[in-house]
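Here's the structure we're looking at; comments come further down.
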Amino acid sequence: MHLLVITATVLTGFLTLTMAFYYFSRVTFPGFGKWTIGGGLIASGYVMIALRGVLPTSLAIVIQNFLFPLAAVFYLGGTRSFLGLSDISRKWYLLPLANALFAAGTVCWFDSAAWRTLMVSFAFSVPHLVTSYIIFKDYSKTKSVFSLVLGTEMASASALLFGWAIFSFTVSDFHLLTGTLAHAGFFISLMVLQIVITFSFLMLNAERSNRELLLAQDALRFSQEKYSKAFKGTPDSISISRMSDGKIVEVNEAFSLLTGYSRAEALESSTVALTLWENHQDRDRVVALLRDGKSVRDHEAKFRTKSGQILDCLYSGDTIFLGDEVHVLSVVRDISDRKRAEAERESYRSQLLQSQKMQALGTLAAGIAHDFNNMLQVILGYSDLLLLGKKKGEPGYSELKKIIKTSEDARDLVQKIRVFSRRADIQPIPLDLNKSVREVENFLRQTLPGTIDIETHLTENLATINADPGLMNQMLMNLGINAGEAMRDGGTLTVETGNIQLEKDFCQPHPVLEPGLHVLLMISDTGRGIASEHLDRLFDPFYSTKTRDYHKGTGLGLPVVQGIVELHKGFIDLRSDVGKGTTFKIYLPAMETAQAQKAQEELPAPPRGTETILLVEDEEIVRNLGRDTLEQFGYTVIAVADGQEAVQVYEKEKDSIALVILDIIMPRMDGRQSIEELLKLNP
């Protein structure tokens with residue numbers, strides 16, 4: 001009997017130690033630790049049986065009656081944890097304690113082996129029954145053959161103990177069975193069941209470990225597939241490089257599309273060797289942040305492609321571990337198109353603001369110029385009339401000439417204001433711009449210092465433009481004189497012409513231009529150039545960096561040039577570098593061939609006449625000047641102050657009136673309304 005108990009103890013202890021080793025040496029799952037403790041308690045219970053005679057028998061019995069039920073409670077708790085259920089109630093731990101107290105009572109007062117057998121069987125088998133019930137109930141969670149074996153063996157152990165308890169009360173002198181074959185068979189059965197239960201614990205944990213491993217492998221495979229699709233399919237450039245030396249270890253297809261480097265070229269090189277970063281300081285700042293363990297998000301930087309193209313990009317980066325080495329995951333997004341669109345929007349916005357500003361200033365300037373021009377007409381008109389009766393050297397002659405010269409200068413200034421305000425009257429004719437350049441070239445050679453060389457490169461067969469020759473000459477002179485002012489120490493003034501076909505992409509940022517054939521006028525100098533802070537204001541009226549007087553530095557030179565260009569539906573472009581010079585490019589639309597070939601008829605000299613003219617002008621001083629001037633040429637003049645009076649006069653004198661000269665802006669009835677009424681009287 002003792003040999004049997006020793007054998008059971010060794011086997012159970014060995015399995016318990018195996019479970020403990022398994023628990024501490026590899027990953028296990030909830031509940032396995034409690035199973036291991038339960039096995040150890042079973043082994044300890046067998047030891048108590050073997051120690052009867054060494055320890056006091058009553059003490060060994062009490063300890064044995066405590067250990068076996070406690071082992072069953074631990075089995076129950078371990079099973080619930082394994083299946084993900086809540087832990088057992090602490091009241092279960094009172095069961096082995098109550099059983100030990102009952103065993104102590106029977107030893108002291110009754111010494112009844114049958115009662116002790118009954119109580120240990122009850123305390124041992126109830127947790128086993130509950131455990132087997134839980135296993136069978138939640139079999140769908142494990143779906144393991146070892147779960148079925150474990151549940152079956154738990155139920156068998158409980159049934160065996162209950163059977164032994166019943167046997168203890170039905171057999172007389174039950175205590176005499178100790179050491180008999182029946183008693184040995186009981187212990188052998190328990191030992192076999194315990195071995196099978198422990199083995200099931202081990203196999204169940206191994207199977208679950210294997211299942212979790214397969215699930216982890218599936219999850220890893222799924223994660224790798226997602227990573228692969230995201231890595232390869234994203235439109236953003238992605239690269240992985242070593243932190244230590246910058247060597248690239250992986251790139252996606254978008255990287256090759258963005259940079260122009262193939263995957264093989266990238267993997268054989270590094271980010272530094274490929275010179276992907278346009279600005280090395282940008283790269284150094286990013287690397288410093290990544291070395292400090294920080295992430296970089298949407299850092300705007302410029303990248304250079306294999307072809308040398310510079311791209312505006314957003315860089316995002318983070319550090320990752322591949323093996324034991326730190327790597328950098330870099331994501332680069334090309335935003336060049338977006339930047340260009342933003343620049344175009346800003347350009348349109350600036351053009352709109354400039355246009356609105358110039359329109360407002362132009363309206364103001366045109367109003368002032370209109371009234372001032374009326375005054376100048378009177379001064380010049382009467383001065384000319386007075387001068388008709390005087391000869392050179394007579395008193396008042398030189399004074400009148402000075403008045404006329406000053407008035408003409410003032411009239412030129414008014415004309416500049418009108419050109420700037422886009423309100424000037426132009427008389428366009430088919431014009432060869434080369435002819436204007438040659439005319440102005442002679443003027444500039446006489447005007448500019450001898451230290452300035454003038455070079456012209458004029459294209460033969462230059463397309464014809466529809467332009468006012470006087471305004472073209474004024475534009476060329478303004479730009480030539482400005483260039484001379486910029487080359488006080490000498491230099492070269494270059495004037496070039498050429499034909500150019502403008503495409504839609506070039507015209508789109510400049511709404512005034514339309515695609516088609518244009519004449520390009522380019523005027524450049526080698527002067528001091530224009531500082532960047534002045535460039536945006538050069539075409540503003542009355543803005544000048546020169547000393548102001550009557551003839552230069554008025555601040556209207558370039559605004560007038562811009563006004564002339566825009567009156568002819570052209571576009572002016574300015575480029576300047578300090579110390580290198582300035583270049584103006586002017587694009588003027590060319591005429592169609594049929595229009596250009598049409599000959600221009602010369603206007604005859606104004607004749608004298610005898611007819612009657614109706615002159616309508618609300619300004620009395622201008623009206624009187626007009627009447628006096630026309631009468632000098634032999635005409636009879638009827639002068640009235642407004643359109644309504646003109647209609648009344650014409651209705652009475654229409655048979656004698658040959659011509660009506662109307663002012664447009666007048667009180668009561670303006671010129672346009674007057675025309676409508678006059679046409680009713682004489683279509």
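Naming works like this for the structure tokens: A, B, ... for the chains as they're shown, residue 1 at the start of each chain, ligands 1 onward in shown order.
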
Report the closest atom pair, with its distance in Å rounded to one decimal, for each residue of segment 588-675 of chain A that has an atom no farther than 10 Å from segment 384-388 of chain A; count only C-alpha atoms, sort by chain and then rising residue number, and write it as JSON lines.
```
{"residue": "A:Leu625", "atom": "CA", "partner": "A:Leu385", "partner_atom": "CA", "distance": 9.5}
{"residue": "A:Asp628", "atom": "CA", "partner": "A:Leu385", "partner_atom": "CA", "distance": 8.6}
{"residue": "A:Thr629", "atom": "CA", "partner": "A:Leu385", "partner_atom": "CA", "distance": 8.0}
{"residue": "A:Gln632", "atom": "CA", "partner": "A:Leu385", "partner_atom": "CA", "distance": 9.0}
```

Could you please take those selected residues and save C-alpha atoms as a tab-separated table (two decimals), in the first residue's frame?
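Below you can see result_1.tsv, which holds the result:
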```
chain	number	residue	atom	x	y	z
A	625	LEU	CA	-12.39	130.03	-78.21
A	628	ASP	CA	-13.12	132.65	-82.59
A	629	THR	CA	-10.96	129.90	-84.11
A	632	GLN	CA	-10.61	132.77	-88.37
```

Which of segment 298-395 of chain A end up as strand (DSSP E) when DSSP is run on this backbone - answer as an MDAnalysis selection string?
chainID A and resid 298:304 310:322 325:334

Restricted to C-alpha atoms, what would the selected residues look like written as a PDB file, in the first residue's frame?
```pdb
ATOM      1  CA  ASP A 298       3.966  68.078 -43.270  1.00  0.00           C
ATOM      2  CA  HIS A 299       7.298  69.888 -43.316  1.00  0.00           C
ATOM      3  CA  GLU A 300       7.412  71.975 -46.498  1.00  0.00           C
ATOM      4  CA  ALA A 301      10.656  71.499 -48.418  1.00  0.00           C
ATOM      5  CA  LYS A 302      12.049  71.404 -51.936  1.00  0.00           C
ATOM      6  CA  PHE A 303      13.242  68.131 -53.496  1.00  0.00           C
ATOM      7  CA  ARG A 304      15.404  67.615 -56.566  1.00  0.00           C
ATOM      8  CA  ILE A 310      12.889  71.157 -58.282  1.00  0.00           C
ATOM      9  CA  LEU A 311       9.581  70.138 -56.688  1.00  0.00           C
ATOM     10  CA  ASP A 312       7.654  71.682 -53.796  1.00  0.00           C
ATOM     11  CA  CYS A 313       6.796  68.865 -51.390  1.00  0.00           C
ATOM     12  CA  LEU A 314       5.448  68.059 -47.937  1.00  0.00           C
ATOM     13  CA  TYR A 315       7.714  65.761 -45.893  1.00  0.00           C
ATOM     14  CA  SER A 316       6.532  63.553 -43.014  1.00  0.00           C
ATOM     15  CA  GLY A 317       8.869  61.225 -41.163  1.00  0.00           C
ATOM     16  CA  ASP A 318       9.065  58.899 -38.190  1.00  0.00           C
ATOM     17  CA  THR A 319      11.520  56.404 -36.717  1.00  0.00           C
ATOM     18  CA  ILE A 320      10.865  52.645 -36.801  1.00  0.00           C
ATOM     19  CA  PHE A 321      12.837  49.603 -35.672  1.00  0.00           C
ATOM     20  CA  LEU A 322      13.775  46.928 -38.195  1.00  0.00           C
ATOM     21  CA  GLU A 325      18.467  49.033 -35.873  1.00  0.00           C
ATOM     22  CA  VAL A 326      16.720  52.411 -36.089  1.00  0.00           C
ATOM     23  CA  HIS A 327      15.339  53.336 -39.516  1.00  0.00           C
ATOM     24  CA  VAL A 328      13.529  56.382 -40.868  1.00  0.00           C
ATOM     25  CA  LEU A 329      10.162  56.042 -42.592  1.00  0.00           C
ATOM     26  CA  SER A 330       9.812  59.014 -44.968  1.00  0.00           C
ATOM     27  CA  VAL A 331       6.620  60.046 -46.766  1.00  0.00           C
ATOM     28  CA  VAL A 332       6.869  62.774 -49.408  1.00  0.00           C
ATOM     29  CA  ARG A 333       3.895  64.373 -51.188  1.00  0.00           C
ATOM     30  CA  ASP A 334       4.331  66.528 -54.298  1.00  0.00           C
TER      31      ASP A 334
END
```

Let me make sure I understand: among A:Pro56, A:Gly516, A:Thr79, A:Phe231, which one has the smallest atom-to-atom distance to Thr36 of chain A if we use only C-alpha atoms?
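Checking each of A:Pro56, A:Gly516, A:Thr79, A:Phe231 against Thr36 of chain A, counting only C-alpha atoms, the winner is A:Thr79.
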
What does the distance from atom CA of Asp284 of chain A to atom CA of Ser307 of chain A come to in Å, to one decimal?
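Going from atom CA of Asp284 of chain A over to atom CA of Ser307 of chain A covers 23.4 Å.
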